[in-house]
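Novice: Have a peek at run32.txt (compact mmCIF, C-alpha atoms (C1' of nucleotides)).
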# COMPACT_ATOMS: atom_id res chain seq x y z
CA MET B 161 -7.72 10.32 -26.17
CA GLU B 162 -4.38 12.03 -25.91
CA ASN B 163 -3.26 15.44 -27.17
CA ARG B 164 -5.17 17.57 -24.75
CA PHE B 165 -2.49 20.17 -24.19
CA GLY B 166 -1.56 20.58 -27.84
CA ASP B 167 -5.17 20.85 -28.93
CA LYS B 168 -5.83 23.46 -26.28
CA ILE B 169 -2.94 25.74 -27.08
CA LYS B 170 -3.68 25.48 -30.77
CA SER B 171 -7.27 26.48 -30.23
CA LEU B 172 -6.28 29.35 -27.97
CA ARG B 173 -3.73 30.55 -30.48
CA GLU B 174 -6.21 30.46 -33.33
CA GLN B 175 -8.88 32.24 -31.33
CA GLN B 176 -6.43 35.07 -30.91
CA HIS B 177 -5.27 35.11 -34.51
CA LEU B 178 -1.68 34.51 -33.62
CA TYR B 179 0.80 32.70 -35.85
CA LEU B 180 2.95 29.84 -34.68
CA ARG B 181 5.89 32.04 -35.54
CA GLN B 182 4.75 34.70 -33.08
CA VAL B 183 4.09 32.40 -30.19
CA ALA B 184 7.28 30.49 -30.84
CA ALA B 185 9.27 33.70 -30.81
CA HIS B 186 7.90 34.63 -27.39
CA LEU B 187 8.83 31.18 -26.14
CA GLU B 188 12.21 31.40 -27.84
CA ILE B 189 11.77 28.09 -29.57
CA ASP B 190 11.64 27.03 -33.19
CA THR B 191 8.36 27.34 -35.06
CA ALA B 192 8.74 23.76 -36.23
CA LEU B 193 9.01 22.60 -32.66
CA LEU B 194 5.90 24.46 -31.60
CA SER B 195 4.06 22.93 -34.52
CA LYS B 196 5.01 19.48 -33.30
CA ILE B 197 3.95 20.37 -29.79
CA GLU B 198 0.51 21.42 -31.00
CA LYS B 199 0.24 18.13 -32.84
CA GLY B 200 1.37 16.17 -29.80
CA VAL B 201 4.46 14.64 -31.32
CA ARG B 202 6.77 16.56 -29.00
CA ASN B 203 6.50 17.93 -25.50
CA LEU B 204 6.86 21.51 -24.42
CA LYS B 205 9.38 21.86 -21.63
CA LYS B 206 7.50 22.00 -18.40
CA ASP B 207 8.87 25.35 -17.31
CA LEU B 208 7.49 26.92 -20.48
CA VAL B 209 3.92 26.01 -19.63
CA PRO B 210 3.35 29.10 -17.48
CA LYS B 211 4.96 31.22 -20.14
CA ILE B 212 2.72 29.99 -22.92
CA ALA B 213 -0.25 30.52 -20.64
CA GLU B 214 0.76 34.16 -20.34
CA ILE B 215 1.25 34.55 -24.06
CA LEU B 216 -2.15 33.07 -24.78
CA ASN B 217 -3.89 34.78 -21.87
CA ALA B 218 -4.87 31.42 -20.51
CA ASP B 219 -5.14 30.02 -17.04
CA LYS B 220 -1.78 28.61 -15.97
CA GLU B 221 -3.30 25.92 -13.81
CA GLU B 222 -5.65 24.72 -16.49
CA LEU B 223 -2.86 24.38 -19.02
CA LEU B 224 -0.59 22.67 -16.53
CA THR B 225 -3.34 20.23 -15.66
CA LEU B 226 -3.81 19.33 -19.31
CA TYR B 227 -0.07 19.06 -19.70
CA LEU B 228 0.17 16.64 -16.80
CA ALA B 229 -2.80 14.65 -18.03
CA ASP B 230 -1.01 14.07 -21.33
CA GLN B 231 2.10 12.90 -19.51
CA LEU B 232 0.15 10.53 -17.32
CA ASN B 233 -1.79 9.23 -20.25
CA GLU B 234 1.39 8.57 -22.19
CA LEU B 235 2.60 6.38 -19.35
CA ILE B 236 -0.46 4.16 -19.16
CA LYS B 237 -2.09 4.41 -22.57
CA ASP B 238 -1.29 0.81 -23.46
CA GLU B 239 -1.67 -0.52 -19.94
CA PRO B 240 -4.89 -2.26 -19.00
CA LEU B 241 -3.88 -1.82 -15.36
CA GLY B 242 -3.22 1.88 -15.65
CA LYS B 243 -6.43 3.06 -14.06
CA LYS B 244 -6.06 0.58 -11.24
CA ALA B 245 -2.62 2.04 -10.63
CA MET B 246 -4.11 5.52 -10.55
CA ASN B 247 -6.68 4.45 -8.03
CA ILE B 248 -3.94 3.29 -5.73
CA ILE B 249 -2.51 6.76 -5.74
CA ILE B 250 -5.78 8.63 -5.48
CA ASN B 251 -7.12 6.34 -2.78
CA PRO B 252 -4.02 5.05 -0.97
CA ASN B 253 -5.81 2.81 1.51
CA ASN B 254 -8.08 -0.10 0.54
CA MET R 68 4.19 7.61 -0.36
CA GLU R 69 6.33 6.08 -3.08
CA ASN R 70 8.33 2.87 -3.23
CA ARG R 71 5.41 0.46 -3.49
CA PHE R 72 6.98 -1.88 -5.98
CA GLY R 73 10.37 -2.09 -4.29
CA ASP R 74 8.87 -2.63 -0.87
CA LYS R 75 6.69 -5.38 -2.24
CA ILE R 76 9.39 -7.37 -3.98
CA LYS R 77 11.65 -7.02 -1.00
CA SER R 78 9.01 -8.39 1.31
CA LEU R 79 8.23 -11.23 -1.07
CA ARG R 80 11.89 -12.10 -1.37
CA GLU R 81 12.41 -12.13 2.36
CA GLN R 82 9.34 -14.25 2.99
CA GLN R 83 10.88 -16.85 0.76
CA HIS R 84 14.35 -16.62 2.25
CA LEU R 85 15.98 -15.70 -1.00
CA TYR R 86 19.10 -13.59 -1.32
CA LEU R 87 19.32 -10.57 -3.58
CA ARG R 88 22.09 -12.44 -5.35
CA GLN R 89 19.77 -15.30 -6.20
CA VAL R 90 16.94 -13.19 -7.51
CA ALA R 91 19.35 -10.95 -9.40
CA ALA R 92 20.92 -13.98 -11.04
CA HIS R 93 17.54 -15.16 -12.32
CA LEU R 94 16.90 -11.69 -13.70
CA GLU R 95 20.42 -11.55 -15.10
CA ILE R 96 21.14 -8.21 -13.50
CA ASP R 97 23.68 -7.12 -10.93
CA THR R 98 22.92 -7.61 -7.26
CA ALA R 99 23.73 -3.97 -6.65
CA LEU R 100 21.10 -2.92 -9.12
CA LEU R 101 18.43 -5.08 -7.56
CA SER R 102 19.30 -3.64 -4.19
CA LYS R 103 18.69 -0.18 -5.55
CA ILE R 104 15.43 -1.27 -7.11
CA GLU R 105 14.18 -2.58 -3.79
CA LYS R 106 15.08 0.73 -2.21
CA GLY R 107 13.38 2.67 -4.97
CA VAL R 108 16.41 4.55 -6.20
CA ARG R 109 16.37 2.78 -9.56
CA ASN R 110 13.69 1.27 -11.75
CA LEU R 111 13.44 -2.28 -12.89
CA LYS R 112 13.04 -2.47 -16.64
CA LYS R 113 9.40 -2.95 -17.37
CA ASP R 114 9.80 -6.17 -19.28
CA LEU R 115 11.41 -7.76 -16.23
CA VAL R 116 8.35 -7.21 -14.08
CA PRO R 117 6.63 -10.43 -15.19
CA LYS R 118 9.87 -12.30 -14.75
CA ILE R 119 10.38 -11.17 -11.17
CA ALA R 120 6.77 -12.10 -10.48
CA GLU R 121 7.54 -15.63 -11.61
CA ILE R 122 10.68 -15.83 -9.55
CA LEU R 123 8.86 -14.65 -6.45
CA ASN R 124 5.69 -16.64 -7.14
CA ALA R 125 3.73 -13.45 -7.15
CA ASP R 126 0.82 -12.21 -9.16
CA LYS R 127 2.09 -10.53 -12.32
CA GLU R 128 -0.78 -8.08 -12.48
CA GLU R 129 -0.42 -7.02 -8.90
CA LEU R 130 3.26 -6.29 -9.32
CA LEU R 131 2.74 -4.49 -12.58
CA THR R 132 0.06 -2.36 -10.97
CA LEU R 133 2.41 -1.35 -8.17
CA TYR R 134 5.12 -0.70 -10.71
CA LEU R 135 2.87 1.61 -12.70
CA ALA R 136 1.67 3.34 -9.56
CA ASP R 137 5.25 4.23 -8.71
CA GLN R 138 5.83 5.60 -12.19
CA LEU R 139 2.69 7.69 -12.07
CA ASN R 140 3.50 8.92 -8.63
CA GLU R 141 6.97 9.96 -9.70
CA LEU R 142 5.44 12.12 -12.39
CA ILE R 143 3.09 14.06 -10.12
CA LYS R 144 4.62 13.81 -6.68
CA ASP R 145 5.44 17.51 -6.52
CA GLU R 146 2.44 18.64 -8.52
CA PRO R 147 -0.55 20.03 -6.65
CA LEU R 148 -2.57 19.53 -9.82
CA GLY R 149 -1.57 15.91 -10.27
CA LYS R 150 -4.76 14.39 -8.98
CA LYS R 151 -6.87 16.74 -11.00
CA ALA R 152 -4.93 15.61 -14.06
CA MET R 153 -5.64 12.00 -13.15
CA ASN R 154 -9.31 12.71 -12.83
CA ILE R 155 -9.37 14.05 -16.35
CA ILE R 156 -8.10 10.73 -17.58
CA ILE R 157 -10.28 8.55 -15.39
CA ASN R 158 -13.37 10.61 -16.06
CA PRO R 159 -12.80 12.08 -19.52
CA ASN R 160 -16.01 14.09 -19.71
CA ASN R 161 -17.00 16.87 -17.27
C1' DT H 229 4.12 31.02 -59.74
C1' DT H 230 5.14 33.43 -55.63
C1' DT H 231 4.40 34.18 -50.87
C1' DG H 232 3.47 32.93 -46.23
C1' DA H 233 2.00 29.54 -42.73
C1' DC H 234 2.58 25.31 -41.27
C1' DT H 235 4.46 20.47 -41.34
C1' DT H 236 7.77 16.81 -41.59
C1' DG H 237 12.20 14.28 -41.66
C1' DT H 238 16.71 14.06 -40.22
C1' DC H 239 20.68 15.04 -37.55
C1' DA H 240 23.88 16.23 -33.65
C1' DA H 241 24.02 17.54 -29.06
C1' DA H 242 22.24 17.14 -24.61
C1' DT H 243 20.09 14.61 -21.20
C1' DT H 244 18.70 10.62 -18.78
C1' DA H 245 18.63 5.59 -18.03
C1' DT H 246 21.06 1.44 -17.34
C1' DG H 247 24.35 -1.78 -15.69
C1' DT H 248 28.82 -2.85 -13.53
C1' DC H 249 32.56 -2.50 -10.48
C1' DA H 250 34.90 -1.51 -6.23
C1' DA H 251 34.59 -0.10 -1.86
C1' DA H 252 31.78 0.57 2.25
C1' DT H 253 28.64 -1.01 5.70
C1' DA H 254 26.02 -4.39 8.42
C1' DT H 255 25.25 -8.59 10.73
C1' DA H 256 26.26 -12.88 12.59
C1' DA H 257 29.42 -16.63 13.81
C1' DC H 258 33.55 -17.73 15.62
C1' DG S 297 38.69 -8.73 18.21
C1' DT S 298 38.44 -11.39 13.06
C1' DT S 299 36.17 -13.72 9.39
C1' DA S 300 32.49 -14.57 6.26
C1' DT S 301 28.49 -13.35 3.90
C1' DA S 302 24.74 -10.13 2.51
C1' DT S 303 23.54 -5.76 1.33
C1' DT S 304 24.33 -0.92 0.21
C1' DT S 305 26.48 2.97 -1.87
C1' DG S 306 29.03 5.91 -5.06
C1' DA S 307 31.45 6.46 -9.23
C1' DC S 308 31.83 5.41 -13.70
C1' DA S 309 31.13 3.92 -18.70
C1' DT S 310 27.95 2.99 -22.03
C1' DA S 311 23.30 2.87 -24.10
C1' DA S 312 19.04 4.85 -25.09
C1' DT S 313 16.05 8.65 -25.37
C1' DT S 314 14.94 13.48 -25.74
C1' DT S 315 15.66 17.88 -27.45
C1' DG S 316 16.28 21.62 -30.57
C1' DA S 317 17.64 23.18 -35.07
C1' DC S 318 17.75 23.11 -39.86
C1' DA S 319 16.25 22.12 -44.50
C1' DA S 320 12.96 20.72 -47.41
C1' DG S 321 8.25 19.71 -47.99
C1' DT S 322 3.00 20.62 -48.45
C1' DC S 323 -0.81 23.58 -48.84
C1' DA S 324 -3.73 27.57 -49.69
C1' DA S 325 -4.33 32.24 -51.03
C1' DA S 326 -3.07 35.91 -53.87
Is it possible to express this structure as structure tokens?
Specialist:
Amino acid sequence: MENRFGDKIKSLREQQHLYLRQVAAHLEIDTALLSKIEKGVRNLKKDLVPKIAEILNADKEELLTLYLADQLNELIKDEPLGKKAMNIIINPNN
Amino acid sequence: MENRFGDKIKSLREQQHLYLRQVAAHLEIDTALLSKIEKGVRNLKKDLVPKIAEILNADKEELLTLYLADQLNELIKDEPLGKKAMNIIINPNN
DNA sequence: TTTGACTTGTCAAATTATGTCAAATATAAC
DNA sequence: GTTATATTTGACATAATTTGACAAGTCAAA
């Protein structure tokens, strides 16, 4: 329950036999930072999500969705009322 | 679509004929800040949510839920994929 | 034991959040 | 009109968090 984005990009990277170093270079970020992103201890900047999708030949929308899910989850992970709050947004009436 | 929490506390405050000044004093924050919170241009610190519920004789859980809904909404308000991301969290499989 | 890939801790710089003040506006009573 | 009170707004200083980089660390394979 939580590092969906990081797990996904790690698995995509490994499937394609790419090194952190290579992907990081394309993104113009530090290898250490990308490592943390894969492990979920740091966030990738949002505007780099489409770029990493390109690098990994992945679907931009799918990655962005996972990215957003992680952000949302972070906000409510310790909140018993989190899902109720989500329902208010998804189903504004009632 | 957005200032649920602020609208709610404003309406509760007015129903009870309280001034911003009075509620702000109980919360130990500036009146100007509470005004902004009611208008949705600033956030109340999360740990003050139960306190404002007490002051306004409101249900703590209801207010916290609205508070969280605003936070969630802020995160995805410009994101077409926001609701899809929420569904991933609500319904983790599939 | 050396090399390469990855991980982790720490730090400064950048960014964002927070709270206050002063001035502006609004409304109502005089 | 003027006064008084409530609220709003913008600018600012400070506090807290995030971000990115570096150095040092682990680990596995050669």
Novice: Taking only C-alpha atoms (C1' of nucleotides) into account, report as a list in words which residues of chain R lie within 12 Å of chain S.
Specialist: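 So the contacting residues turn out to be Leu85, Tyr86, Leu87, Arg88, Gln89, Thr98, Ala99, Leu100, Leu101, Ser102, Lys103, Ile104, Glu105, Lys106 and Val108 of chain R.
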Novice: Sorted by chain and rising residue number, list the residues of chain H at most 10 Å from chain R (counting all atoms listed in the file), each with its closest atom pair and distance in Å to one decimal, as a tab-separated table.
Specialist:
residue	atom	partner	partner_atom	distance
H:DA245	C1'	R:Asn110	CA	9.1
H:DT246	C1'	R:Lys112	CA	8.9
H:DG247	C1'	R:Asp97	CA	7.2
H:DT248	C1'	R:Asp97	CA	7.2
H:DC249	C1'	R:Ala99	CA	9.7
Novice: Check which residues of chain B sit at most 10 Å from chain R using all atoms listed in the file, and return one row each with the closest pair of atoms and their distance in Å to one decimal, ordered by chain and rising number, as CSV.
Specialist:
residue,atom,partner,partner_atom,distance
B:Met161,CA,R:Pro159,CA,8.6
B:Glu162,CA,R:Ile156,CA,9.2
B:Glu221,CA,R:Leu148,CA,7.6
B:Glu222,CA,R:Leu148,CA,9.0
B:Leu224,CA,R:Leu148,CA,7.7
B:Thr225,CA,R:Ala152,CA,5.1
B:Leu226,CA,R:Ala152,CA,6.5
B:Tyr227,CA,R:Ala152,CA,8.2
B:Leu228,CA,R:Ala152,CA,5.9
B:Ala229,CA,R:Ala152,CA,4.6
B:Asp230,CA,R:Ala152,CA,8.4
B:Gln231,CA,R:Leu142,CA,7.9
B:Leu232,CA,R:Leu139,CA,6.5
B:Asn233,CA,R:Ile156,CA,7.0
B:Leu235,CA,R:Leu139,CA,7.4
B:Ile236,CA,R:Leu135,CA,7.7
B:Glu239,CA,R:Leu135,CA,8.8
B:Pro240,CA,R:Thr132,CA,9.4
B:Leu241,CA,R:Thr132,CA,5.9
B:Gly242,CA,R:Leu135,CA,6.8
B:Lys243,CA,R:Ile157,CA,6.8
B:Lys244,CA,R:Thr132,CA,6.8
B:Ala245,CA,R:Ala136,CA,4.6
B:Met246,CA,R:Ala136,CA,6.3
B:Asn247,CA,R:Ala136,CA,8.6
B:Ile248,CA,R:Ala136,CA,6.8
B:Ile249,CA,R:Ala136,CA,6.6
B:Ile250,CA,R:Lys150,CA,6.8
B:Pro252,CA,R:Met68,CA,8.6
Novice: Can you measure atom CA of R:His84 to atom CA of R:Leu115 for me? One decimal in Å is fine.
Specialist: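 Interatomic distance, atom CA of R:His84 to atom CA of R:Leu115: 20.7 Å.
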Novice: Atom C1' of H:DT230 and atom CA of B:Gln176 are how many Å apart?
Specialist: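 Separation between atom C1' of H:DT230 and atom CA of B:Gln176: 27.3 Å.
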Novice: What is the atom CA of B:Gln175 to atom CA of B:Glu214 distance in Å?
Specialist: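 Result for atom CA of B:Gln175 versus atom CA of B:Glu214: 14.7 Å, one decimal.
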Novice: Any chance you could work out the axis-aligned box around stretch 322-326 of chain S, listed atoms only, 5 Å on each side, giving centre and edge lengths in Å to one decimal, as lines of an AutoDock Vina configuration file?
Specialist:
center_x = -0.7
center_y = 28.3
center_z = -51.2
size_x = 17.3
size_y = 25.3
size_z = 15.4
